[in-house]
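Below is run.txt, holding compact mmCIF, C-alpha atoms.
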# COMPACT_ATOMS: atom_id res chain seq x y z
CA MET E 1 11.68 37.68 -24.33
CA LYS E 2 8.83 39.72 -25.83
CA THR E 3 7.61 36.70 -27.77
CA LEU E 4 7.57 34.34 -24.79
CA HIS E 5 4.01 34.99 -23.67
CA LEU E 6 1.93 32.42 -21.82
CA SER E 7 -1.41 32.27 -20.04
CA GLN E 8 -1.43 31.79 -16.29
CA TYR E 9 -4.34 30.26 -14.34
CA THR E 10 -2.82 30.20 -10.84
CA PRO E 11 -2.03 32.06 -8.56
CA TYR E 12 -4.30 34.34 -10.63
CA ALA E 13 -5.41 34.54 -14.24
CA VAL E 14 -3.20 36.75 -16.39
CA ASP E 15 -1.12 36.74 -19.58
CA LEU E 16 2.56 37.35 -18.86
CA LEU E 17 6.13 36.66 -19.93
CA CYS E 18 8.09 33.58 -18.88
CA ASN E 19 10.58 35.59 -16.83
CA GLU E 20 7.72 37.20 -14.90
CA LEU E 21 6.54 33.95 -13.36
CA SER E 22 6.73 34.27 -9.58
CA CYS E 23 8.34 30.81 -9.23
CA MET E 24 11.18 32.06 -11.43
CA THR E 25 11.67 35.44 -9.74
CA ALA E 26 11.42 34.39 -6.06
CA SER E 27 14.93 34.36 -4.59
CA THR E 28 14.64 32.18 -1.48
CA TYR E 29 13.17 28.83 -0.48
CA VAL E 30 11.10 29.29 2.65
CA LEU E 31 9.08 26.08 2.80
CA LYS E 32 10.74 23.01 4.29
CA PRO E 33 9.92 19.42 3.26
CA PHE E 34 6.47 18.60 4.68
CA ASP E 35 6.23 22.12 6.08
CA GLY E 36 3.26 22.67 8.39
CA ARG E 37 2.11 25.56 6.20
CA THR E 38 2.04 23.28 3.16
CA LEU E 39 0.03 20.66 5.03
CA ASP E 40 -2.48 23.31 6.15
CA PHE E 41 -2.74 24.74 2.62
CA LEU E 42 -3.42 21.35 1.05
CA ASP E 43 -5.84 20.35 3.81
CA SER E 44 -7.76 23.57 3.18
CA LEU E 45 -7.88 22.70 -0.52
CA SER E 46 -9.20 19.25 0.42
CA LYS E 47 -11.98 20.75 2.55
CA SER E 48 -12.94 23.15 -0.24
CA ILE E 49 -13.20 20.28 -2.75
CA LEU E 50 -15.14 17.93 -0.47
CA ALA E 51 -17.59 20.68 0.52
CA ASP E 52 -18.41 21.53 -3.10
CA LYS E 53 -21.35 19.34 -4.13
CA THR E 54 -21.18 20.61 -7.71
CA VAL E 55 -17.94 18.68 -8.34
CA ASN E 56 -17.32 16.19 -5.54
CA ARG E 57 -19.77 13.67 -7.00
CA ARG E 58 -17.26 12.97 -9.76
CA PRO E 59 -15.19 9.99 -8.56
CA GLU E 60 -11.86 11.50 -9.61
CA ILE E 61 -12.60 14.77 -7.79
CA ALA E 62 -13.82 13.03 -4.64
CA ALA E 63 -10.69 10.83 -4.69
CA LEU E 64 -8.50 13.93 -5.00
CA GLY E 65 -10.26 15.60 -2.08
CA PHE E 66 -9.73 12.59 0.18
CA TRP E 67 -6.09 12.20 -0.92
CA LEU E 68 -5.37 15.81 0.09
CA ARG E 69 -6.66 15.45 3.65
CA LYS E 70 -4.15 16.32 6.37
CA SER E 71 -4.45 12.84 7.88
CA GLN E 72 -3.43 11.31 4.54
CA LEU E 73 -0.54 13.75 4.07
CA THR E 74 0.65 13.10 7.63
CA LYS E 75 0.68 9.38 6.86
CA MET E 76 2.94 10.10 3.87
CA PHE E 77 5.22 12.15 6.12
CA GLN E 78 5.49 9.28 8.60
CA GLU E 79 6.40 6.92 5.76
CA GLN E 80 9.22 9.30 4.72
CA GLU E 81 10.69 9.91 8.18
CA TYR E 82 13.64 7.66 7.37
CA LEU E 83 14.43 10.02 4.50
CA LEU E 84 13.85 13.28 6.38
CA ASN E 85 15.58 12.46 9.67
CA ASP E 86 18.76 10.66 8.65
CA PRO E 87 21.70 12.23 10.60
CA GLN E 88 24.09 11.72 7.67
CA TYR E 89 22.39 14.26 5.44
CA LYS E 90 19.95 17.16 5.36
CA VAL E 91 17.06 16.98 2.92
CA ALA E 92 16.53 20.16 0.90
CA PRO E 93 14.24 21.12 -1.99
CA LEU E 94 15.53 20.17 -5.41
CA GLY E 95 14.58 23.65 -6.63
CA LYS E 96 12.31 24.72 -9.47
CA VAL E 97 10.25 21.90 -10.97
CA PHE E 98 8.70 22.12 -14.44
CA HIS E 99 5.70 19.80 -14.80
CA ILE E 100 4.52 18.85 -18.30
CA CYS E 101 1.07 17.58 -17.37
CA PRO E 102 -1.08 15.08 -19.30
CA ALA E 103 -4.38 16.07 -20.90
CA ASN E 104 -5.97 12.61 -20.71
CA VAL E 105 -6.11 12.55 -16.88
CA ASP E 106 -7.24 16.02 -15.98
CA THR E 107 -6.57 15.85 -12.23
CA MET E 108 -2.99 14.57 -12.54
CA PHE E 109 -1.55 18.09 -12.48
CA ILE E 110 -2.63 18.45 -8.84
CA TYR E 111 -0.99 15.17 -7.78
CA SER E 112 2.20 16.09 -9.64
CA MET E 113 2.26 19.52 -8.02
CA VAL E 114 1.57 18.22 -4.51
CA VAL E 115 4.44 15.72 -4.32
CA ALA E 116 6.88 18.43 -5.43
CA LEU E 117 5.35 21.08 -3.19
CA LEU E 118 5.52 18.80 -0.14
CA MET E 119 9.29 18.66 -0.60
CA GLY E 120 9.49 22.49 -0.63
CA ASN E 121 9.95 22.92 -4.39
CA ARG E 122 8.66 25.79 -6.51
CA ASN E 123 6.48 24.59 -9.38
CA VAL E 124 5.60 25.63 -12.92
CA LEU E 125 2.90 23.38 -14.37
CA ARG E 126 2.13 23.39 -18.07
CA ILE E 127 -1.39 22.14 -18.76
CA SER E 128 -3.23 21.65 -22.02
CA LYS E 129 -5.60 24.36 -23.23
CA ARG E 130 -8.10 21.55 -23.73
CA MET E 131 -8.41 21.24 -19.96
CA ASP E 132 -11.37 23.57 -19.75
CA ALA E 133 -13.98 21.33 -18.12
CA PRO E 134 -15.95 23.05 -15.33
CA HIS E 135 -14.50 20.82 -12.60
CA VAL E 136 -10.93 21.65 -13.71
CA LEU E 137 -11.64 25.38 -13.86
CA GLY E 138 -13.16 24.99 -10.40
CA LEU E 139 -9.85 23.61 -9.10
CA PHE E 140 -8.01 26.70 -10.39
CA GLU E 141 -10.57 28.90 -8.67
CA LYS E 142 -10.18 27.07 -5.36
CA LEU E 143 -6.38 27.33 -5.52
CA ASN E 144 -6.56 31.04 -6.35
CA LEU E 145 -8.95 31.82 -3.53
CA LEU E 146 -6.66 30.07 -1.05
CA ILE E 147 -3.53 31.84 -2.29
CA ALA E 148 -5.35 35.19 -2.11
CA ASN E 149 -5.82 34.54 1.61
CA GLN E 150 -3.07 36.31 3.57
CA ARG E 151 -2.45 33.09 5.50
CA PHE E 152 -1.38 31.30 2.32
CA GLU E 153 0.04 34.10 0.16
CA ILE E 154 3.49 32.51 0.33
CA PHE E 155 2.27 29.91 -2.18
CA LYS E 156 2.12 32.50 -4.96
CA ASP E 157 5.89 31.94 -5.22
CA TYR E 158 5.48 28.17 -5.31
CA ILE E 159 2.66 27.51 -7.79
CA ASN E 160 2.40 28.79 -11.36
CA ILE E 161 -0.12 26.88 -13.51
CA VAL E 162 0.25 27.98 -17.12
CA SER E 163 -0.72 27.11 -20.66
CA TYR E 164 0.79 27.91 -24.03
CA ASP E 165 0.71 26.60 -27.58
CA HIS E 166 3.53 24.34 -28.73
CA ASN E 167 6.47 26.74 -28.56
CA GLU E 168 10.06 25.53 -28.48
CA ASP E 169 11.40 28.82 -27.14
CA ILE E 170 9.06 28.83 -24.12
CA SER E 171 9.68 25.15 -23.39
CA THR E 172 13.44 25.68 -23.67
CA PHE E 173 13.34 28.70 -21.34
CA LEU E 174 11.36 26.83 -18.69
CA SER E 175 13.51 23.70 -19.08
CA SER E 176 16.77 25.63 -18.78
CA ALA E 177 15.54 27.52 -15.71
CA SER E 178 14.37 24.38 -13.88
CA ASN E 179 16.15 21.91 -11.64
CA ALA E 180 13.81 19.07 -12.59
CA ARG E 181 11.16 18.22 -15.15
CA LEU E 182 8.29 15.82 -14.61
CA ILE E 183 7.31 14.77 -18.12
CA TRP E 184 3.91 13.12 -18.27
CA GLY E 185 2.06 12.33 -21.47
CA GLY E 186 3.93 9.34 -22.89
CA ASP E 187 6.71 8.56 -25.33
CA SER E 188 5.96 11.30 -27.86
CA THR E 189 5.90 14.07 -25.25
CA ILE E 190 9.10 12.75 -23.64
CA LYS E 191 10.88 12.70 -27.01
CA THR E 192 9.76 16.26 -27.78
CA PHE E 193 10.83 17.77 -24.45
CA GLN E 194 14.11 15.89 -24.27
CA SER E 195 15.03 17.56 -27.56
CA PHE E 196 14.88 20.98 -25.88
CA LYS E 197 17.99 22.45 -24.29
CA LYS E 198 18.13 22.24 -20.50
CA ALA E 199 20.68 22.96 -17.78
CA PRO E 200 23.37 20.28 -17.31
CA ARG E 201 21.99 19.23 -13.91
CA THR E 202 18.30 19.43 -14.75
CA LYS E 203 16.80 16.12 -13.72
CA ASP E 204 14.18 14.43 -15.90
CA ILE E 205 11.55 12.16 -14.34
CA VAL E 206 9.64 10.67 -17.25
CA PHE E 207 6.39 8.73 -17.50
CA ALA E 208 6.37 6.74 -20.71
CA ASP E 209 3.54 4.98 -22.53
CA ARG E 210 2.35 2.09 -20.37
CA ILE E 211 -0.27 -0.66 -20.54
CA SER E 212 -2.38 -1.94 -17.62
CA MET E 213 -4.49 -5.05 -17.10
CA MET E 214 -7.12 -6.53 -14.82
CA ILE E 215 -7.28 -10.08 -13.44
CA LEU E 216 -10.67 -11.44 -12.35
CA ASN E 217 -10.98 -14.77 -10.57
CA ALA E 218 -13.95 -16.35 -12.35
CA GLU E 219 -15.29 -18.29 -9.35
CA SER E 220 -15.08 -15.17 -7.17
CA VAL E 221 -17.07 -13.22 -9.75
CA LEU E 222 -19.71 -15.96 -9.95
CA SER E 223 -20.10 -16.15 -6.15
CA CYS E 224 -20.24 -12.37 -5.70
CA GLU E 225 -23.74 -11.14 -4.78
CA GLY E 226 -25.63 -8.29 -3.14
CA LYS E 227 -23.65 -5.27 -1.93
CA ALA E 228 -20.35 -6.96 -2.76
CA TRP E 229 -21.48 -7.33 -6.39
CA GLU E 230 -22.59 -3.68 -6.56
CA GLU E 231 -19.23 -2.66 -5.13
CA LEU E 232 -17.37 -4.73 -7.74
CA LEU E 233 -19.31 -3.08 -10.58
CA ARG E 234 -18.66 0.36 -9.09
CA ASN E 235 -14.97 -0.35 -8.66
CA PHE E 236 -14.70 -1.69 -12.22
CA TYR E 237 -16.42 1.45 -13.49
CA ASN E 238 -14.10 3.74 -11.52
CA ASP E 239 -10.98 2.01 -12.84
CA ALA E 240 -11.99 1.77 -16.48
CA TYR E 241 -14.54 4.46 -17.27
CA THR E 242 -13.48 7.49 -15.19
CA PHE E 243 -11.13 8.66 -17.94
CA ASP E 244 -12.59 6.39 -20.65
CA GLN E 245 -9.64 3.97 -20.34
CA MET E 246 -7.23 6.72 -21.37
CA GLY E 247 -5.27 6.73 -18.12
CA CYS E 248 -2.07 4.67 -18.21
CA SER E 249 -3.30 2.65 -15.23
CA SER E 250 -6.76 1.96 -16.69
CA PRO E 251 -7.14 -1.69 -17.78
CA GLN E 252 -6.94 -2.51 -21.49
CA THR E 253 -6.98 -6.30 -21.15
CA ILE E 254 -8.97 -8.48 -18.75
CA TYR E 255 -7.66 -11.91 -17.75
CA PHE E 256 -10.31 -14.33 -16.50
CA LEU E 257 -8.72 -16.85 -14.15
CA GLY E 258 -10.31 -20.29 -13.84
CA SER E 259 -11.70 -23.22 -15.83
CA PRO E 260 -12.98 -22.51 -19.37
CA LYS E 261 -16.60 -22.96 -18.25
CA SER E 262 -16.33 -20.69 -15.20
CA CYS E 263 -14.51 -18.02 -17.25
CA GLU E 264 -17.29 -18.01 -19.83
CA GLN E 265 -19.96 -17.74 -17.15
CA ALA E 266 -18.06 -14.95 -15.38
CA ARG E 267 -17.83 -12.96 -18.63
CA LYS E 268 -21.57 -13.24 -19.15
CA LYS E 269 -22.28 -12.14 -15.58
CA ILE E 270 -19.90 -9.18 -15.78
CA SER E 271 -21.33 -8.16 -19.18
CA MET E 272 -24.93 -8.20 -17.95
CA GLY E 273 -24.10 -6.44 -14.70
CA LEU E 274 -22.05 -3.70 -16.33
CA GLU E 275 -24.60 -3.11 -19.09
CA GLU E 276 -27.26 -2.25 -16.50
CA PHE E 277 -24.82 -0.27 -14.36
CA LEU E 278 -23.46 1.78 -17.26
CA LEU E 279 -26.90 2.70 -18.58
CA ASN E 280 -27.47 4.55 -15.31
CA GLU E 281 -23.97 5.90 -14.67
CA TYR E 282 -22.02 6.42 -17.89
CA GLU E 283 -22.35 9.79 -19.60
CA ASN E 284 -20.74 9.97 -23.01
CA ASP E 285 -21.43 10.25 -26.73
CA VAL E 286 -22.35 6.59 -27.22
CA SER E 287 -22.95 6.89 -30.98
CA SER E 288 -19.47 8.32 -31.58
CA LEU E 289 -17.99 5.56 -29.42
CA ALA E 290 -19.81 2.94 -31.51
CA SER E 291 -18.09 4.17 -34.68
CA LEU E 292 -14.73 4.38 -32.93
CA LYS E 293 -15.01 0.82 -31.60
CA LEU E 294 -16.15 -0.60 -34.92
CA ASN E 295 -13.17 0.92 -36.73
CA ARG E 296 -10.77 -0.33 -34.07
CA MET E 297 -12.31 -3.81 -34.11
CA VAL E 298 -11.87 -4.02 -37.91
CA ASP E 299 -8.21 -2.99 -37.57
CA ASP E 300 -7.62 -5.53 -34.79
CA ALA E 301 -9.22 -8.28 -36.86
CA LEU E 302 -7.19 -7.42 -39.97
CA ASN E 303 -3.99 -7.37 -37.88
CA GLY E 304 -4.77 -10.79 -36.39
CA ASN E 305 -5.01 -9.48 -32.82
CA ILE E 306 -8.47 -10.84 -32.03
CA LEU E 307 -10.53 -14.00 -32.61
CA THR E 308 -14.08 -13.14 -31.54
CA HIS E 309 -16.05 -10.31 -29.99
CA ALA E 310 -18.94 -10.13 -27.57
CA GLY E 311 -20.80 -7.59 -25.47
CA ASN E 312 -22.40 -4.32 -26.51
CA ASN E 313 -21.40 -0.77 -27.29
CA LEU E 314 -20.95 0.10 -23.62
CA PHE E 315 -18.86 -2.95 -22.75
CA LYS E 316 -17.12 -4.63 -25.67
CA LEU E 317 -14.98 -7.76 -25.17
CA LEU E 318 -12.44 -8.85 -27.80
CA GLU E 319 -10.82 -12.27 -27.44
CA LEU E 320 -7.07 -12.07 -27.94
CA SER E 321 -5.48 -14.36 -30.51
CA GLU E 322 -2.20 -16.17 -29.86
CA SER E 323 -0.38 -13.41 -31.73
CA GLY E 324 -2.22 -10.62 -29.91
CA ASP E 325 0.26 -8.99 -27.52
CA SER E 326 -1.58 -7.68 -24.46
CA SER E 327 1.56 -5.84 -23.29
CA SER E 328 1.44 -3.53 -26.31
CA LEU E 329 -2.22 -3.32 -27.36
CA HIS E 330 -4.09 -0.20 -26.32
CA GLY E 331 -7.76 -0.04 -27.23
CA CYS E 332 -9.76 2.99 -28.33
CA GLY E 333 -11.30 3.56 -24.90
CA GLY E 334 -14.89 3.92 -23.78
CA GLY E 335 -15.29 0.27 -22.80
CA TYR E 336 -13.16 -1.60 -25.38
CA PHE E 337 -11.46 -4.54 -23.63
CA TYR E 338 -9.28 -7.34 -24.87
CA TYR E 339 -9.62 -10.55 -22.88
CA GLN E 340 -8.03 -13.92 -22.41
CA ASP E 341 -8.79 -16.95 -20.24
CA CYS E 342 -6.14 -18.64 -18.15
CA GLU E 343 -6.31 -21.40 -15.56
CA LYS E 344 -3.25 -20.34 -13.55
CA ILE E 345 -1.44 -17.08 -12.78
CA THR E 346 1.81 -18.73 -13.86
CA GLU E 347 0.52 -18.68 -17.46
CA LEU E 348 0.85 -14.88 -17.50
CA LYS E 349 4.61 -14.70 -17.93
CA ALA E 350 4.10 -12.35 -20.89
CA LEU E 351 3.32 -9.61 -18.36
CA LYS E 352 6.93 -9.60 -17.17
CA VAL E 353 7.90 -6.70 -19.46
CA PRO E 354 8.73 -3.01 -18.77
CA LYS E 355 5.68 -1.85 -20.75
CA VAL E 356 3.24 -3.16 -18.13
CA GLN E 357 2.36 -0.68 -15.40
CA THR E 358 -0.65 -1.67 -13.25
CA ILE E 359 -2.32 -5.00 -12.57
CA SER E 360 -5.64 -4.67 -10.74
CA TYR E 361 -7.16 -7.86 -9.35
CA PHE E 362 -10.30 -9.30 -7.79
CA GLY E 363 -10.75 -12.54 -5.88
CA LEU E 364 -7.18 -13.85 -6.03
CA SER E 365 -5.94 -16.39 -3.52
CA ASP E 366 -2.83 -15.67 -1.46
CA ASP E 367 -0.92 -18.15 -3.61
CA SER E 368 -1.98 -16.38 -6.81
CA LYS E 369 -0.99 -12.99 -5.38
CA MET E 370 2.42 -14.40 -4.45
CA HIS E 371 2.96 -15.57 -8.05
CA LEU E 372 1.83 -12.17 -9.32
CA LYS E 373 4.42 -10.45 -7.12
CA GLU E 374 7.07 -12.76 -8.59
CA LEU E 375 6.11 -11.58 -12.08
CA ALA E 376 6.82 -8.02 -10.93
CA TYR E 377 10.42 -8.84 -9.98
CA GLY E 378 13.08 -7.41 -12.30
CA GLU E 379 11.75 -5.28 -15.16
CA GLY E 380 8.11 -6.29 -14.79
CA ILE E 381 4.94 -4.82 -13.32
CA ASP E 382 5.16 -1.54 -11.35
CA ARG E 383 1.84 -1.67 -9.47
CA ILE E 384 -0.39 -4.45 -8.11
CA VAL E 385 -3.65 -3.16 -6.63
CA LYS E 386 -7.19 -4.30 -5.92
CA VAL E 387 -9.90 -3.53 -8.46
CA GLY E 388 -11.14 -0.03 -7.66
CA HIS E 389 -7.64 1.33 -6.95
CA ALA E 390 -6.13 1.37 -10.45
CA LEU E 391 -6.39 5.16 -10.67
CA SER E 392 -5.54 5.85 -7.02
CA PHE E 393 -2.41 7.99 -7.01
CA TYR E 394 0.46 7.04 -4.73
CA TYR E 395 3.80 8.78 -4.42
CA ILE E 396 5.49 5.58 -5.59
CA TRP E 397 4.57 5.72 -9.27
CA ASP E 398 6.08 3.95 -12.27
CA GLY E 399 8.76 2.60 -9.92
CA TYR E 400 9.82 6.06 -8.65
CA ASN E 401 9.56 7.23 -5.05
CA LEU E 402 8.72 10.77 -6.10
CA PHE E 403 9.58 12.30 -2.73
CA GLN E 404 13.11 10.92 -3.03
CA GLU E 405 13.38 12.04 -6.66
CA LEU E 406 12.32 15.61 -5.86
CA CYS E 407 14.79 16.50 -3.14
CA ARG E 408 18.52 17.00 -2.62
CA LYS E 409 20.48 15.25 0.09
CA VAL E 410 23.14 17.51 1.55
CA TYR E 411 25.82 15.24 2.99
CA ILE E 412 27.03 16.18 6.49
CA GLU E 413 30.20 14.64 7.95
Would you write the structure of this file as structure tokens?
Amino acid sequence: MKTLHLSQYTPYAVDLLCNELSCMTASTYVLKPFDGRTLDFLDSLSKSILADKTVNRRPEIAALGFWLRKSQLTKMFQEQEYLLNDPQYKVAPLGKVFHICPANVDTMFIYSMVVALLMGNRNVLRISKRMDAPHVLGLFEKLNLLIANQRFEIFKDYINIVSYDHNEDISTFLSSASNARLIWGGDSTIKTFQSFKKAPRTKDIVFADRISMMILNAESVLSCEGKAWEELLRNFYNDAYTFDQMGCSSPQTIYFLGSPKSCEQARKKISMGLEEFLLNEYENDVSSLASLKLNRMVDDALNGNILTHAGNNLFKLLELSESGDSSSLHGCGGGYFYYQDCEKITELKALKVPKVQTISYFGLSDDSKMHLKELAYGEGIDRIVKVGHALSFYYIWDGYNLFQELCRKVYIE
């Protein structure tokens, strides 16, 4: 055990051994599913985030703060009452949950923790050492200050946020000691962690590599003006540029729906609008992105994935060829979008594959939305949301109801 050292960020910063983690040493489960103390703790975290002007201007941080409000959590509780109040069984915590958190979406560890914590589980969260941005470190600080408060000290036995280099022994120890693992980070991470020994009843909830798309009704784009147009640009930016398209639910391909002429005009309008918007809003190393996009564009051309390209370094559009598979192509990020025109939603049958996660849309008719829902039936799309909500976390994710997955049902006759 001497070699199994890791760095802890919460409930306080310290280097320690795996078997010294408070989540592993606590003997009893005190918190009930949707416990009032948990709701108060998370609501206090929400207030701390929303009151901090140094971080709450970031869209992902503001969204997190609003999601953690007690009114929002109470709404989730009401939606789960059928699960919590069934007379045939008693809902209990699943136990200790080991979260392998993604580095590309740096707020996901909080969402993952919260859904497990709301069901009364104790949580060990492994985060990447690359997650050292000021707003992330600020989240650790806010959590630690709350847990240091006597009112919330119980949560020191329920939250351990840690980091360690790739170490099979540590991962095996945490896997074997846990009742469930939430494995974010895609196919490679899943394959790695599933190779580690775990207890026979340890439950794996995995989040594989996924691809997401956006559908824009061309006529709706062309008729959009004033505040509605500004809102569309803002929502597009939030979906695609918040994590530089690296989130699994960020759009990689844009489908323009309408006649060939209206689709072409809509692309030009979107390109011009986003160029101006991004010059004022987007903060990134644009020169490095230019090189990255050029290299990716050359590869896509050589592989026969694209026909033409348009736009600029901030918003690059690549026309998909007939052989270009939108359900498997993932761009290089930073505003690199494949696109295709289609006159009817029914032409998008290629989206009916397990690889597709989120479809965000703008300006669709009720009939088009109905056809889109039909595409999701079976092994197809997992999420259909309005533009601006692609990154909005919901406890139903990748087809899982995470509250149901992270509890035990004790049958009572």
- prompt: Separation of atom CA of Tyr9 of chain E and atom CA of Ile161 of chain E, in Å?
  reply: 5.5 Å
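Close contacts of Arg383 of chain E, defined as residues with an atom at most 8 Å away when counting all atoms listed in the file, with chain neighbours fewer than 5 positions off set aside, comprise Gln357, Thr358, Ile359, Trp397 and Asp398 of chain E.
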Limited to C-alpha atoms, could you put the picked residues into a file as a CSV table (one decimal), keeping the file's coordinate frame?
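Saved result, again.csv, follows:
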chain,number,residue,atom,x,y,z
E,357,GLN,CA,2.4,-0.7,-15.4
E,358,THR,CA,-0.6,-1.7,-13.2
E,359,ILE,CA,-2.3,-5.0,-12.6
E,397,TRP,CA,4.6,5.7,-9.3
E,398,ASP,CA,6.1,4.0,-12.3
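What separates atom CA of Val115 of chain E from atom CA of Asp86 of chain E is a distance of 20.0 Å.
When all atoms listed in the file are used to compute distances to Leu294 of chain E, the closest of the residues E:Ala218, E:Ala177, E:Tyr336, E:Leu364 turns out to be E:Tyr336.
If you measure from each of E:Ser288, E:Thr172, E:Gln265, E:Asn217 to Ala199 of chain E using all atoms listed in the file, the closest one turns out to be E:Thr172.
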field: Surrounding residues of segment 271-284 of chain E excluding itself and chain neighbours under 5 positions, 9 Å, only C-alpha atoms, as a PyMOL selection string
entry: chain E and resi 229-230+233-234+236-237+241+266+289+310-312+314-317+334
Determine, counting only C-alpha atoms, which protein, DNA and RNA residues have an atom within 12 Å of an atom of Ser48 of chain E; residues of the same chain fewer than 6 positions away are not included. Present the result as a compact mmCIF listing (two decimals) with C-alpha atoms, in the frame of the given file.
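Listing of around.txt after writing:
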# COMPACT_ATOMS: atom_id res chain seq x y z
CA PHE E 41 -2.74 24.74 2.62
CA LEU E 42 -3.42 21.35 1.05
CA THR E 54 -21.18 20.61 -7.71
CA VAL E 55 -17.94 18.68 -8.34
CA ASN E 56 -17.32 16.19 -5.54
CA ILE E 61 -12.60 14.77 -7.79
CA ALA E 62 -13.82 13.03 -4.64
CA LEU E 64 -8.50 13.93 -5.00
CA GLY E 65 -10.26 15.60 -2.08
CA PHE E 66 -9.73 12.59 0.18
CA LEU E 68 -5.37 15.81 0.09
CA ARG E 69 -6.66 15.45 3.65
CA GLY E 138 -13.16 24.99 -10.40
CA LEU E 139 -9.85 23.61 -9.10
CA PHE E 140 -8.01 26.70 -10.39
CA GLU E 141 -10.57 28.90 -8.67
CA LYS E 142 -10.18 27.07 -5.36
CA LEU E 143 -6.38 27.33 -5.52
CA ASN E 144 -6.56 31.04 -6.35
CA LEU E 145 -8.95 31.82 -3.53
CA LEU E 146 -6.66 30.07 -1.05
